[in-house]
>>> print(open('target.pdb').read())   # PDB, C-alpha atoms, pLDDT in the B column
ATOM      1  CA  MET A   1      37.659  65.321  53.611  1.00 87.00           C
ATOM      2  CA  ALA A   2      36.908  63.850  57.046  1.00 93.00           C
ATOM      3  CA  GLN A   3      33.322  63.857  58.250  1.00 95.00           C
ATOM      4  CA  THR A   4      32.547  66.710  60.610  1.00 94.00           C
ATOM      5  CA  THR A   5      32.371  65.957  64.320  1.00 91.00           C
ATOM      6  CA  THR A   6      30.847  69.286  65.305  1.00 90.00           C
ATOM      7  CA  ALA A   7      27.412  69.164  63.668  1.00 93.00           C
ATOM      8  CA  VAL A   8      24.691  70.469  65.978  1.00 93.00           C
ATOM      9  CA  ASN A   9      20.923  70.521  66.220  1.00 95.00           C
ATOM     10  CA  ALA A  10      18.599  73.204  67.554  1.00 95.00           C
ATOM     11  CA  CYS A  11      17.195  71.233  70.500  1.00 96.00           C
ATOM     12  CA  ASP A  12      18.946  73.413  73.091  1.00 96.00           C
ATOM     13  CA  ALA A  13      18.750  76.744  71.289  1.00 97.00           C
ATOM     14  CA  ALA A  14      17.908  79.735  73.450  1.00 97.00           C
ATOM     15  CA  ILE A  15      15.769  82.726  72.484  1.00 97.00           C
ATOM     16  CA  TRP A  16      15.755  85.915  74.521  1.00 97.00           C
ATOM     17  CA  LEU A  17      13.411  88.819  73.845  1.00 97.00           C
ATOM     18  CA  ASP A  18      12.884  92.183  75.522  1.00 96.00           C
ATOM     19  CA  ASN A  19       9.691  92.508  77.521  1.00 95.00           C
ATOM     20  CA  ALA A  20       7.777  95.788  77.749  1.00 93.00           C
ATOM     21  CA  GLY A  21      10.194  96.998  80.419  1.00 93.00           C
ATOM     22  CA  GLY A  22      13.188  96.508  78.123  1.00 94.00           C
ATOM     23  CA  THR A  23      14.501  93.517  80.086  1.00 95.00           C
ATOM     24  CA  LEU A  24      15.661  90.511  78.102  1.00 96.00           C
ATOM     25  CA  LYS A  25      13.601  87.420  78.959  1.00 96.00           C
ATOM     26  CA  ASP A  26      14.340  83.817  78.120  1.00 97.00           C
ATOM     27  CA  ILE A  27      11.378  82.683  76.031  1.00 97.00           C
ATOM     28  CA  SER A  28      12.922  79.329  75.064  1.00 97.00           C
ATOM     29  CA  GLY A  29      10.492  77.514  77.356  1.00 96.00           C
ATOM     30  CA  SER A  30       7.474  78.816  75.485  1.00 97.00           C
ATOM     31  CA  SER A  31       8.690  78.711  71.903  1.00 96.00           C
ATOM     32  CA  ASN A  32      10.012  75.885  69.788  1.00 94.00           C
ATOM     33  CA  ASN A  33      11.042  77.276  66.442  1.00 96.00           C
ATOM     34  CA  VAL A  34      12.817  80.282  65.035  1.00 97.00           C
ATOM     35  CA  ASP A  35      13.474  80.799  61.337  1.00 98.00           C
ATOM     36  CA  MET A  36      16.172  83.296  60.531  1.00 98.00           C
ATOM     37  CA  ASN A  37      16.170  84.460  56.932  1.00 98.00           C
ATOM     38  CA  PHE A  38      18.959  86.696  55.713  1.00 98.00           C
ATOM     39  CA  ASP A  39      18.858  88.557  52.430  1.00 98.00           C
ATOM     40  CA  ILE A  40      21.274  90.583  50.367  1.00 98.00           C
ATOM     41  CA  ASP A  41      19.938  93.004  47.751  1.00 97.00           C
ATOM     42  CA  ILE A  42      21.383  92.115  44.398  1.00 97.00           C
ATOM     43  CA  GLY A  43      21.528  94.191  41.230  1.00 97.00           C
ATOM     44  CA  GLU A  44      22.201  92.430  37.943  1.00 97.00           C
ATOM     45  CA  PHE A  45      22.951  93.199  34.336  1.00 95.00           C
ATOM     46  CA  LYS A  46      23.894  91.449  31.167  1.00 96.00           C
ATOM     47  CA  SER A  47      25.942  92.953  28.354  1.00 96.00           C
ATOM     48  CA  PHE A  48      26.366  91.956  24.728  1.00 96.00           C
ATOM     49  CA  ALA A  49      29.851  90.751  25.576  1.00 95.00           C
ATOM     50  CA  SER A  50      28.785  87.776  27.654  1.00 96.00           C
ATOM     51  CA  LYS A  51      25.980  85.267  27.903  1.00 96.00           C
ATOM     52  CA  TRP A  52      26.341  85.292  31.671  1.00 97.00           C
ATOM     53  CA  LYS A  53      24.765  87.858  33.958  1.00 97.00           C
ATOM     54  CA  ALA A  54      26.922  89.948  36.280  1.00 97.00           C
ATOM     55  CA  ARG A  55      25.704  90.756  39.771  1.00 97.00           C
ATOM     56  CA  ILE A  56      26.624  93.253  42.458  1.00 96.00           C
ATOM     57  CA  THR A  57      25.504  93.316  46.062  1.00 97.00           C
ATOM     58  CA  CYS A  58      24.097  96.196  48.063  1.00 96.00           C
ATOM     59  CA  GLY A  59      21.935  96.240  51.213  1.00 97.00           C
ATOM     60  CA  LYS A  60      21.311  93.513  53.759  1.00 97.00           C
ATOM     61  CA  ASP A  61      18.068  92.561  55.463  1.00 98.00           C
ATOM     62  CA  ALA A  62      16.631  89.790  57.587  1.00 98.00           C
ATOM     63  CA  GLU A  63      13.352  88.365  58.785  1.00 98.00           C
ATOM     64  CA  PHE A  64      12.957  86.201  61.875  1.00 98.00           C
ATOM     65  CA  THR A  65       9.880  84.077  62.462  1.00 98.00           C
ATOM     66  CA  ILE A  66       9.224  82.739  65.951  1.00 98.00           C
ATOM     67  CA  ALA A  67       6.776  79.943  66.793  1.00 97.00           C
ATOM     68  CA  ALA A  68       5.404  80.509  70.273  1.00 97.00           C
ATOM     69  CA  VAL A  69       3.141  78.425  72.484  1.00 96.00           C
ATOM     70  CA  TYR A  70      -0.062  80.211  73.474  1.00 96.00           C
ATOM     71  CA  SER A  71       0.334  80.338  77.258  1.00 96.00           C
ATOM     72  CA  THR A  72      -0.999  82.620  79.952  1.00 95.00           C
ATOM     73  CA  THR A  73       2.081  83.261  82.095  1.00 95.00           C
ATOM     74  CA  THR A  74       3.621  86.718  82.331  1.00 94.00           C
ATOM     75  CA  ASP A  75       6.841  87.199  80.357  1.00 94.00           C
ATOM     76  CA  GLU A  76       6.448  84.003  78.380  1.00 96.00           C
ATOM     77  CA  SER A  77       6.536  84.246  74.580  1.00 97.00           C
ATOM     78  CA  LEU A  78       2.921  85.047  73.908  1.00 97.00           C
ATOM     79  CA  ASP A  79       2.579  87.481  76.781  1.00 96.00           C
ATOM     80  CA  ILE A  80       5.529  89.484  75.478  1.00 97.00           C
ATOM     81  CA  LEU A  81       4.440  89.297  71.848  1.00 97.00           C
ATOM     82  CA  LYS A  82       0.817  90.300  72.375  1.00 96.00           C
ATOM     83  CA  ASN A  83       1.779  93.140  74.734  1.00 96.00           C
ATOM     84  CA  TRP A  84       4.276  94.248  72.130  1.00 97.00           C
ATOM     85  CA  PHE A  85       1.678  94.346  69.368  1.00 97.00           C
ATOM     86  CA  PHE A  86      -0.983  96.057  71.450  1.00 96.00           C
ATOM     87  CA  ALA A  87       1.348  98.619  73.008  1.00 94.00           C
ATOM     88  CA  ALA A  88       0.505 102.201  72.082  1.00 91.00           C
ATOM     89  CA  ALA A  89       4.005 102.623  70.660  1.00 92.00           C
ATOM     90  CA  PRO A  90       5.309  99.127  69.818  1.00 95.00           C
ATOM     91  CA  GLY A  91       8.790 100.345  68.808  1.00 95.00           C
ATOM     92  CA  SER A  92      11.790  98.064  68.497  1.00 97.00           C
ATOM     93  CA  ARG A  93      13.068  95.466  70.938  1.00 97.00           C
ATOM     94  CA  THR A  94      16.197  93.375  71.363  1.00 97.00           C
ATOM     95  CA  LEU A  95      16.110  89.747  70.245  1.00 98.00           C
ATOM     96  CA  LYS A  96      18.925  87.261  70.766  1.00 97.00           C
ATOM     97  CA  VAL A  97      19.091  83.734  69.399  1.00 98.00           C
ATOM     98  CA  TYR A  98      21.783  81.412  70.776  1.00 97.00           C
ATOM     99  CA  LEU A  99      22.831  78.397  68.703  1.00 97.00           C
ATOM    100  CA  PRO A 100      23.331  75.575  69.434  1.00 96.00           C
ATOM    101  CA  ASP A 101      22.805  76.550  73.097  1.00 96.00           C
ATOM    102  CA  LYS A 102      23.598  79.362  75.512  1.00 95.00           C
ATOM    103  CA  ASN A 103      27.016  78.070  76.521  1.00 94.00           C
ATOM    104  CA  VAL A 104      30.393  79.688  75.904  1.00 94.00           C
ATOM    105  CA  GLY A 105      31.376  79.508  72.249  1.00 94.00           C
ATOM    106  CA  SER A 106      27.846  79.432  70.846  1.00 96.00           C
ATOM    107  CA  ASP A 107      26.743  81.722  68.038  1.00 96.00           C
ATOM    108  CA  VAL A 108      24.618  84.701  69.038  1.00 97.00           C
ATOM    109  CA  TYR A 109      22.386  86.334  66.441  1.00 98.00           C
ATOM    110  CA  SER A 110      21.317  89.647  67.884  1.00 97.00           C
ATOM    111  CA  GLY A 111      19.606  92.860  66.891  1.00 97.00           C
ATOM    112  CA  GLU A 112      16.872  95.390  67.434  1.00 97.00           C
ATOM    113  CA  PHE A 113      13.637  94.214  65.842  1.00 98.00           C
ATOM    114  CA  VAL A 114      10.181  95.509  65.086  1.00 98.00           C
ATOM    115  CA  LEU A 115       7.158  93.238  65.225  1.00 98.00           C
ATOM    116  CA  SER A 116       5.827  92.941  61.709  1.00 97.00           C
ATOM    117  CA  ASN A 117       3.138  90.279  62.035  1.00 98.00           C
ATOM    118  CA  LEU A 118       1.506  88.233  64.787  1.00 98.00           C
ATOM    119  CA  LYS A 119      -0.588  85.271  63.687  1.00 97.00           C
ATOM    120  CA  ILE A 120      -2.787  83.581  66.280  1.00 97.00           C
ATOM    121  CA  PRO A 121      -4.684  80.647  64.784  1.00 96.00           C
ATOM    122  CA  ALA A 122      -7.685  79.554  66.888  1.00 95.00           C
ATOM    123  CA  ASP A 123      -9.148  76.316  65.526  1.00 94.00           C
ATOM    124  CA  GLY A 124     -11.903  74.845  67.714  1.00 94.00           C
ATOM    125  CA  SER A 125     -11.639  71.446  66.047  1.00 96.00           C
ATOM    126  CA  LYS A 126      -8.056  70.767  67.157  1.00 93.00           C
ATOM    127  CA  ALA A 127      -6.794  69.509  70.509  1.00 95.00           C
ATOM    128  CA  ASP A 128      -3.238  70.679  69.827  1.00 94.00           C
ATOM    129  CA  PHE A 129      -1.684  73.606  71.645  1.00 94.00           C
ATOM    130  CA  ILE A 130      -2.203  76.881  69.859  1.00 96.00           C
ATOM    131  CA  MET A 131       1.029  77.790  68.134  1.00 97.00           C
ATOM    132  CA  VAL A 132       1.434  81.495  67.516  1.00 97.00           C
ATOM    133  CA  GLU A 133       3.680  82.795  64.763  1.00 98.00           C
ATOM    134  CA  ALA A 134       5.434  86.135  65.039  1.00 98.00           C
ATOM    135  CA  THR A 135       7.375  87.787  62.245  1.00 98.00           C
ATOM    136  CA  LEU A 136      10.100  90.215  63.264  1.00 98.00           C
ATOM    137  CA  LYS A 137      12.152  92.497  61.055  1.00 98.00           C
ATOM    138  CA  PRO A 138      15.386  94.180  62.111  1.00 98.00           C
ATOM    139  CA  ASP A 139      15.635  97.893  62.781  1.00 97.00           C
ATOM    140  CA  GLY A 140      19.319  98.252  61.891  1.00 96.00           C
ATOM    141  CA  ALA A 141      22.023  95.617  61.788  1.00 96.00           C
ATOM    142  CA  VAL A 142      21.728  92.012  62.904  1.00 97.00           C
ATOM    143  CA  THR A 143      25.030  90.995  64.462  1.00 95.00           C
ATOM    144  CA  LEU A 144      26.690  87.613  64.785  1.00 96.00           C
ATOM    145  CA  THR A 145      28.937  87.176  67.785  1.00 96.00           C
ATOM    146  CA  THR A 146      30.314  84.340  69.873  1.00 96.00           C
ATOM    147  CA  ASN A 147      28.842  83.932  73.324  1.00 96.00           C
ATOM    148  CA  ALA A 148      31.483  84.509  75.974  1.00 93.00           C
ATOM    149  CA  THR A 149      29.342  84.544  79.095  1.00 86.00           C
TER     150      THR A 149
ATOM    151  CA  MET B   1      49.612  89.001  82.575  1.00 63.00           C
ATOM    152  CA  THR B   2      48.502  88.206  79.091  1.00 77.00           C
ATOM    153  CA  ILE B   3      46.267  89.759  76.512  1.00 83.00           C
ATOM    154  CA  TYR B   4      44.310  87.840  73.914  1.00 88.00           C
ATOM    155  CA  ARG B   5      42.975  88.805  70.527  1.00 89.00           C
ATOM    156  CA  ALA B   6      39.358  88.112  69.600  1.00 91.00           C
ATOM    157  CA  LEU B   7      39.372  86.212  66.314  1.00 92.00           C
ATOM    158  CA  VAL B   8      35.585  86.539  66.072  1.00 92.00           C
ATOM    159  CA  ALA B   9      33.170  89.048  67.579  1.00 93.00           C
ATOM    160  CA  LEU B  10      32.548  88.091  71.214  1.00 94.00           C
ATOM    161  CA  GLU B  11      29.532  88.916  73.346  1.00 93.00           C
ATOM    162  CA  LYS B  12      29.951  89.071  77.105  1.00 90.00           C
ATOM    163  CA  GLY B  13      26.780  90.307  78.758  1.00 84.00           C
ATOM    164  CA  ASN B  14      25.987  93.640  77.148  1.00 83.00           C
ATOM    165  CA  LYS B  15      29.543  94.151  75.944  1.00 88.00           C
ATOM    166  CA  ILE B  16      30.655  93.208  72.433  1.00 89.00           C
ATOM    167  CA  ILE B  17      34.312  92.838  71.533  1.00 90.00           C
ATOM    168  CA  GLN B  18      34.682  93.039  67.788  1.00 89.00           C
ATOM    169  CA  ALA B  19      36.932  90.615  65.927  1.00 89.00           C
ATOM    170  CA  GLY B  20      40.436  92.058  65.996  1.00 87.00           C
ATOM    171  CA  GLY B  21      39.924  93.647  69.397  1.00 86.00           C
ATOM    172  CA  PHE B  22      41.502  92.197  72.488  1.00 82.00           C
ATOM    173  CA  LEU B  23      40.672  91.045  75.973  1.00 83.00           C
ATOM    174  CA  ARG B  24      42.764  91.287  79.096  1.00 78.00           C
ATOM    175  CA  GLU B  25      43.327  88.297  81.318  1.00 75.00           C
ATOM    176  CA  HIS B  26      42.253  90.030  84.520  1.00 75.00           C
ATOM    177  CA  GLU B  27      38.843  90.974  83.089  1.00 79.00           C
ATOM    178  CA  TRP B  28      37.968  87.403  82.064  1.00 84.00           C
ATOM    179  CA  SER B  29      38.157  84.127  83.951  1.00 86.00           C
ATOM    180  CA  ILE B  30      41.051  81.934  82.850  1.00 86.00           C
ATOM    181  CA  GLU B  31      38.640  78.995  82.375  1.00 88.00           C
ATOM    182  CA  LEU B  32      36.596  81.076  79.953  1.00 90.00           C
ATOM    183  CA  ILE B  33      39.671  82.218  78.044  1.00 90.00           C
ATOM    184  CA  ASN B  34      41.038  78.670  77.840  1.00 90.00           C
ATOM    185  CA  LYS B  35      37.706  77.452  76.484  1.00 91.00           C
ATOM    186  CA  LEU B  36      37.672  80.195  73.822  1.00 92.00           C
ATOM    187  CA  VAL B  37      41.303  79.469  72.908  1.00 91.00           C
ATOM    188  CA  GLU B  38      40.476  75.766  72.585  1.00 91.00           C
ATOM    189  CA  MET B  39      37.587  76.661  70.253  1.00 91.00           C
ATOM    190  CA  GLY B  40      39.797  78.911  68.140  1.00 91.00           C
ATOM    191  CA  LYS B  41      37.796  82.028  69.015  1.00 92.00           C
ATOM    192  CA  VAL B  42      40.682  83.925  70.658  1.00 92.00           C
ATOM    193  CA  SER B  43      44.444  83.691  70.517  1.00 90.00           C
ATOM    194  CA  ARG B  44      47.255  84.971  72.670  1.00 87.00           C
ATOM    195  CA  VAL B  45      48.783  88.264  71.544  1.00 83.00           C
ATOM    196  CA  SER B  46      52.513  88.773  71.468  1.00 80.00           C
ATOM    197  CA  ALA B  47      52.460  92.409  72.482  1.00 79.00           C
ATOM    198  CA  PRO B  48      55.248  94.548  71.002  1.00 83.00           C
ATOM    199  CA  PRO B  49      57.820  96.348  73.150  1.00 89.00           C
ATOM    200  CA  LEU B  50      56.600  99.863  73.957  1.00 90.00           C
ATOM    201  CA  MET B  51      59.824 101.229  72.468  1.00 88.00           C
ATOM    202  CA  GLN B  52      58.615 100.123  69.037  1.00 87.00           C
ATOM    203  CA  LEU B  53      55.372 102.086  69.195  1.00 87.00           C
ATOM    204  CA  PRO B  54      55.444 105.402  67.342  1.00 86.00           C
ATOM    205  CA  GLY B  55      56.086 108.320  69.710  1.00 85.00           C
ATOM    206  CA  TRP B  56      56.725 106.149  72.770  1.00 88.00           C
ATOM    207  CA  LYS B  57      60.515 106.456  73.136  1.00 87.00           C
ATOM    208  CA  LEU B  58      60.534 108.944  76.033  1.00 86.00           C
ATOM    209  CA  ARG B  59      57.628 107.355  77.876  1.00 88.00           C
ATOM    210  CA  THR B  60      59.231 103.945  77.574  1.00 90.00           C
ATOM    211  CA  LYS B  61      62.388 105.130  79.340  1.00 89.00           C
ATOM    212  CA  LYS B  62      60.370 106.030  82.420  1.00 88.00           C
ATOM    213  CA  LEU B  63      58.377 102.825  82.303  1.00 91.00           C
ATOM    214  CA  GLU B  64      61.429 100.612  81.864  1.00 91.00           C
ATOM    215  CA  ARG B  65      62.762 101.805  85.215  1.00 88.00           C
ATOM    216  CA  ALA B  66      59.672 100.192  86.777  1.00 89.00           C
ATOM    217  CA  GLY B  67      60.110  96.990  84.754  1.00 91.00           C
ATOM    218  CA  ILE B  68      57.373  97.782  82.216  1.00 91.00           C
ATOM    219  CA  GLN B  69      58.669  97.084  78.739  1.00 90.00           C
ATOM    220  CA  ASP B  70      55.817  95.593  76.715  1.00 89.00           C
ATOM    221  CA  ALA B  71      52.403  96.881  75.689  1.00 87.00           C
ATOM    222  CA  ASP B  72      50.607  94.164  77.642  1.00 84.00           C
ATOM    223  CA  GLN B  73      52.469  95.066  80.842  1.00 86.00           C
ATOM    224  CA  PHE B  74      51.469  98.688  80.327  1.00 89.00           C
ATOM    225  CA  LEU B  75      47.806  97.858  79.751  1.00 86.00           C
ATOM    226  CA  GLU B  76      47.637  95.524  82.746  1.00 83.00           C
ATOM    227  CA  ALA B  77      49.222  98.009  85.197  1.00 87.00           C
ATOM    228  CA  THR B  78      46.837 100.122  87.265  1.00 89.00           C
ATOM    229  CA  ASN B  79      46.293 103.735  86.284  1.00 92.00           C
ATOM    230  CA  GLU B  80      47.414 104.845  89.743  1.00 93.00           C
ATOM    231  CA  SER B  81      50.766 103.052  89.616  1.00 92.00           C
ATOM    232  CA  LEU B  82      51.423 104.293  86.081  1.00 93.00           C
ATOM    233  CA  SER B  83      50.549 107.809  87.177  1.00 92.00           C
ATOM    234  CA  GLN B  84      53.240 107.618  89.866  1.00 91.00           C
ATOM    235  CA  ILE B  85      55.833 106.011  87.610  1.00 91.00           C
ATOM    236  CA  MET B  86      55.365 108.478  84.787  1.00 90.00           C
ATOM    237  CA  GLY B  87      54.532 111.558  86.851  1.00 90.00           C
ATOM    238  CA  ALA B  88      51.429 112.097  84.762  1.00 90.00           C
ATOM    239  CA  SER B  89      47.738 112.605  85.448  1.00 93.00           C
ATOM    240  CA  ILE B  90      45.259 109.724  85.443  1.00 93.00           C
ATOM    241  CA  GLU B  91      43.607 111.338  82.408  1.00 93.00           C
ATOM    242  CA  SER B  92      46.889 111.168  80.483  1.00 93.00           C
ATOM    243  CA  ILE B  93      47.361 107.522  81.468  1.00 93.00           C
ATOM    244  CA  GLU B  94      43.869 106.686  80.262  1.00 92.00           C
ATOM    245  CA  LYS B  95      44.567 108.505  76.989  1.00 93.00           C
ATOM    246  CA  TRP B  96      47.828 106.576  76.487  1.00 91.00           C
ATOM    247  CA  LYS B  97      46.158 103.278  77.289  1.00 90.00           C
ATOM    248  CA  SER B  98      43.509 104.083  74.725  1.00 89.00           C
ATOM    249  CA  GLU B  99      46.273 104.889  72.215  1.00 89.00           C
ATOM    250  CA  VAL B 100      48.030 101.560  72.842  1.00 88.00           C
ATOM    251  CA  THR B 101      44.701  99.756  72.612  1.00 84.00           C
ATOM    252  CA  SER B 102      44.057 101.345  69.201  1.00 83.00           C
ATOM    253  CA  LEU B 103      47.520 100.357  68.003  1.00 83.00           C
ATOM    254  CA  LEU B 104      46.913  96.744  68.986  1.00 80.00           C
ATOM    255  CA  THR B 105      43.404  96.537  67.534  1.00 78.00           C
ATOM    256  CA  ILE B 106      42.986  95.299  63.997  1.00 75.00           C
ATOM    257  CA  PRO B 107      40.269  97.323  62.249  1.00 72.00           C
ATOM    258  CA  GLN B 108      37.517  95.214  60.744  1.00 69.00           C
ATOM    259  CA  PRO B 109      35.478  96.011  57.634  1.00 68.00           C
ATOM    260  CA  GLN B 110      31.879  97.012  58.243  1.00 66.00           C
ATOM    261  CA  GLY B 111      29.142  94.563  57.288  1.00 63.00           C
TER     262      GLY B 111
END
>>> encode(input="target.pdb", output="structure tokens")
Amino acid sequence: MAQTTTAVNACDAAIWLDNAGGTLKDISGSSNNVDMNFDIDIGEFKSFASKWKARITCGKDAEFTIAAVYSTTTDESLDILKNWFFAAAPGSRTLKVYLPDKNVGSDVYSGEFVLSNLKIPADGSKADFIMVEATLKPDGAVTLTTNAT
Amino acid sequence: MTIYRALVALEKGNKIIQAGGFLREHEWSIELINKLVEMGKVSRVSAPPLMQLPGWKLRTKKLERAGIQDADQFLEATNESLSQIMGASIESIEKWKSEVTSLLTIPQPQG
């Protein structure tokens, strides 16, 4: 098997998230990591007839974790995330992750998400930028499409 | 005039074309289509003659007089011109286009 020539990294990935007005905003400039975890519910059983377990699949779920830079500009990652959390009715918002970049042919992971957790570590002994971590869970299906824009 | 089949789900702005659906040349730039073809994300569809579609024998006779023989020619023609050719309302044309679109679309399993 020949070695792949199409391996990519995440350096140019793009992340877009709805702001409070429901407009998708590019937050790639104020975030530097997104972990996308996908799960399938599995049921299992073992019978006397076999030493090996049998498994069947059922529901699907996901959890996305975004690392955002603590900045003070409107519609950057943290501004959107903290307004989302502190909104009277946080609700669900659209999130899109483009890999490896936002060009034609890239993968687009997209869905409606609720904000599950927002972690803001404030350590007075560190000179590093404050990195905020937000955990998002889908409200419905996460879709995978190919970017054609 | 050519139509292409989406081999994967495609996202164009707010519109999603599911895998198995198709895109029409005039709605997409040719550069974009060529790029997607090159990447193996879409492929050209050989549209069947209208005569071969179930229930289309009579309609095809009218369309053939105007040089429209294949499904892609029918889908690419404007509703107004088809309305004149077939002596039918715009609503009927839209319904027939939707029917042809369904016949050309490959249903995909949910998941």
>>> residues_around(input="target.pdb", residues="stretch 88-105 of chain A", least_positions_apart="3", cutoff="6 Å", atoms="all atoms listed in the file", output="PyMOL selection string")
chain A and resi 10+12-18+84+108-114+146-149
>>> atom_distance(input="target.pdb", atom1="atom CA of B:Leu32", atom2="atom CA of B:Ile17")
14.6 Å
>>> resolve_selection(input="target.pdb", expression="the ChimeraX specification (/A :<8) & /B", output="list in words")
Val8, Ala9, Leu10, Glu11, Lys12, Gly13, Ile16, Leu32, Lys35, Leu36, Met39 and Lys41 of chain B
>>> residues_around(input="target.pdb", residues="B:Ile68", least_positions_apart="4", cutoff="12 Å", atoms="all atoms listed in the file", output="NGL selection string")
:B and (1 or 48-51 or 59-64 or 72-78 or 81-82 or 85-86)
>>> closest_residue(input="target.pdb", among="A:Ala87, A:Ala68, A:Met1, A:Ala62", to="A:Gly29", atoms="all atoms listed in the file")
A:Ala68
>>> residues_around(input="target.pdb", residues="A:Glu133", least_positions_apart="2", cutoff="6 Å", atoms="only C-alpha atoms", output="PyMOL selection string")
chain A and resi 66-67+118-119
>>> atom_distance(input="target.pdb", atom1="atom CA of A:Ile80", atom2="atom CA of B:Lys15")
24.5 Å
>>> residues_near_point(input="target.pdb", point="(47.5, 94.9, 66.5)", cutoff="12 Å", atoms="only C-alpha atoms", output="ChimeraX atom specification")
/B:3-7,19-22,44-48,53,71-72,99-108
>>> residues_around(input="target.pdb", residues="A:Asp75", least_positions_apart="4", cutoff="9 Å", atoms="all atoms listed in the file", output="compact mmCIF listing (two decimals) with C-alpha atoms, in the coordinates of the input")
# COMPACT_ATOMS: atom_id res chain seq x y z
CA ASN A 19 9.69 92.51 77.52
CA LYS A 25 13.60 87.42 78.96
CA ASP A 26 14.34 83.82 78.12
CA ILE A 27 11.38 82.68 76.03
CA ASP A 79 2.58 87.48 76.78
CA ILE A 80 5.53 89.48 75.48
>>> atom_distance(input="target.pdb", atom1="atom CA of A:Phe64", atom2="atom CA of A:Gly124")
27.9 Å
>>> axis_aligned_box(input="target.pdb", around="stretch 89-98 of chain B", padding_each_side="4 Å", output="AutoDock Vina command-line options")
--center_x 45.7 --center_y 107.9 --center_z 80.1 --size_x 12.3 --size_y 17.3 --size_z 18.7
>>> build_atoms(input="target.pdb", residues="stretch 76-93 of chain B", atoms="N, CA and C atoms", output="short mmCIF file (atom, residue, chain, number, x, y, z; two decimals), keeping the file's coordinate frame")
data_model
loop_
_atom_site.label_atom_id
_atom_site.label_comp_id
_atom_site.auth_asym_id
_atom_site.auth_seq_id
_atom_site.Cartn_x
_atom_site.Cartn_y
_atom_site.Cartn_z
N GLU B 76 48.07 96.24 81.54
CA GLU B 76 47.64 95.52 82.75
C GLU B 76 47.92 96.32 84.02
N ALA B 77 48.89 97.23 84.00
CA ALA B 77 49.22 98.01 85.20
C ALA B 77 48.08 98.95 85.56
N THR B 78 47.92 99.23 86.85
CA THR B 78 46.84 100.12 87.26
C THR B 78 47.16 101.56 86.87
N ASN B 79 46.11 102.33 86.66
CA ASN B 79 46.29 103.74 86.28
C ASN B 79 47.06 104.49 87.37
N GLU B 80 46.79 104.14 88.62
CA GLU B 80 47.41 104.84 89.74
C GLU B 80 48.93 104.61 89.75
N SER B 81 49.33 103.34 89.58
CA SER B 81 50.77 103.05 89.62
C SER B 81 51.47 103.69 88.42
N LEU B 82 50.82 103.67 87.27
CA LEU B 82 51.42 104.29 86.08
C LEU B 82 51.53 105.80 86.25
N SER B 83 50.54 106.37 86.93
CA SER B 83 50.55 107.81 87.18
C SER B 83 51.77 108.19 88.00
N GLN B 84 52.07 107.37 89.01
CA GLN B 84 53.24 107.62 89.87
C GLN B 84 54.55 107.43 89.10
N ILE B 85 54.60 106.33 88.35
CA ILE B 85 55.83 106.01 87.61
C ILE B 85 56.17 107.11 86.59
N MET B 86 55.13 107.56 85.90
CA MET B 86 55.36 108.48 84.79
C MET B 86 55.22 109.95 85.19
N GLY B 87 54.75 110.18 86.41
CA GLY B 87 54.53 111.56 86.85
C GLY B 87 53.51 112.26 85.99
N ALA B 88 52.45 111.54 85.65
CA ALA B 88 51.43 112.10 84.76
C ALA B 88 50.05 111.94 85.41
N SER B 89 49.10 112.68 84.89
CA SER B 89 47.74 112.60 85.45
C SER B 89 47.06 111.30 85.03
N ILE B 90 46.04 110.92 85.78
CA ILE B 90 45.26 109.72 85.44
C ILE B 90 44.64 109.87 84.05
N GLU B 91 44.22 111.10 83.73
CA GLU B 91 43.61 111.34 82.41
C GLU B 91 44.61 111.03 81.28
N SER B 92 45.87 111.44 81.50
CA SER B 92 46.89 111.17 80.48
C SER B 92 47.12 109.66 80.35
N ILE B 93 47.15 108.97 81.50
CA ILE B 93 47.36 107.52 81.47
C ILE B 93 46.24 106.85 80.68
#
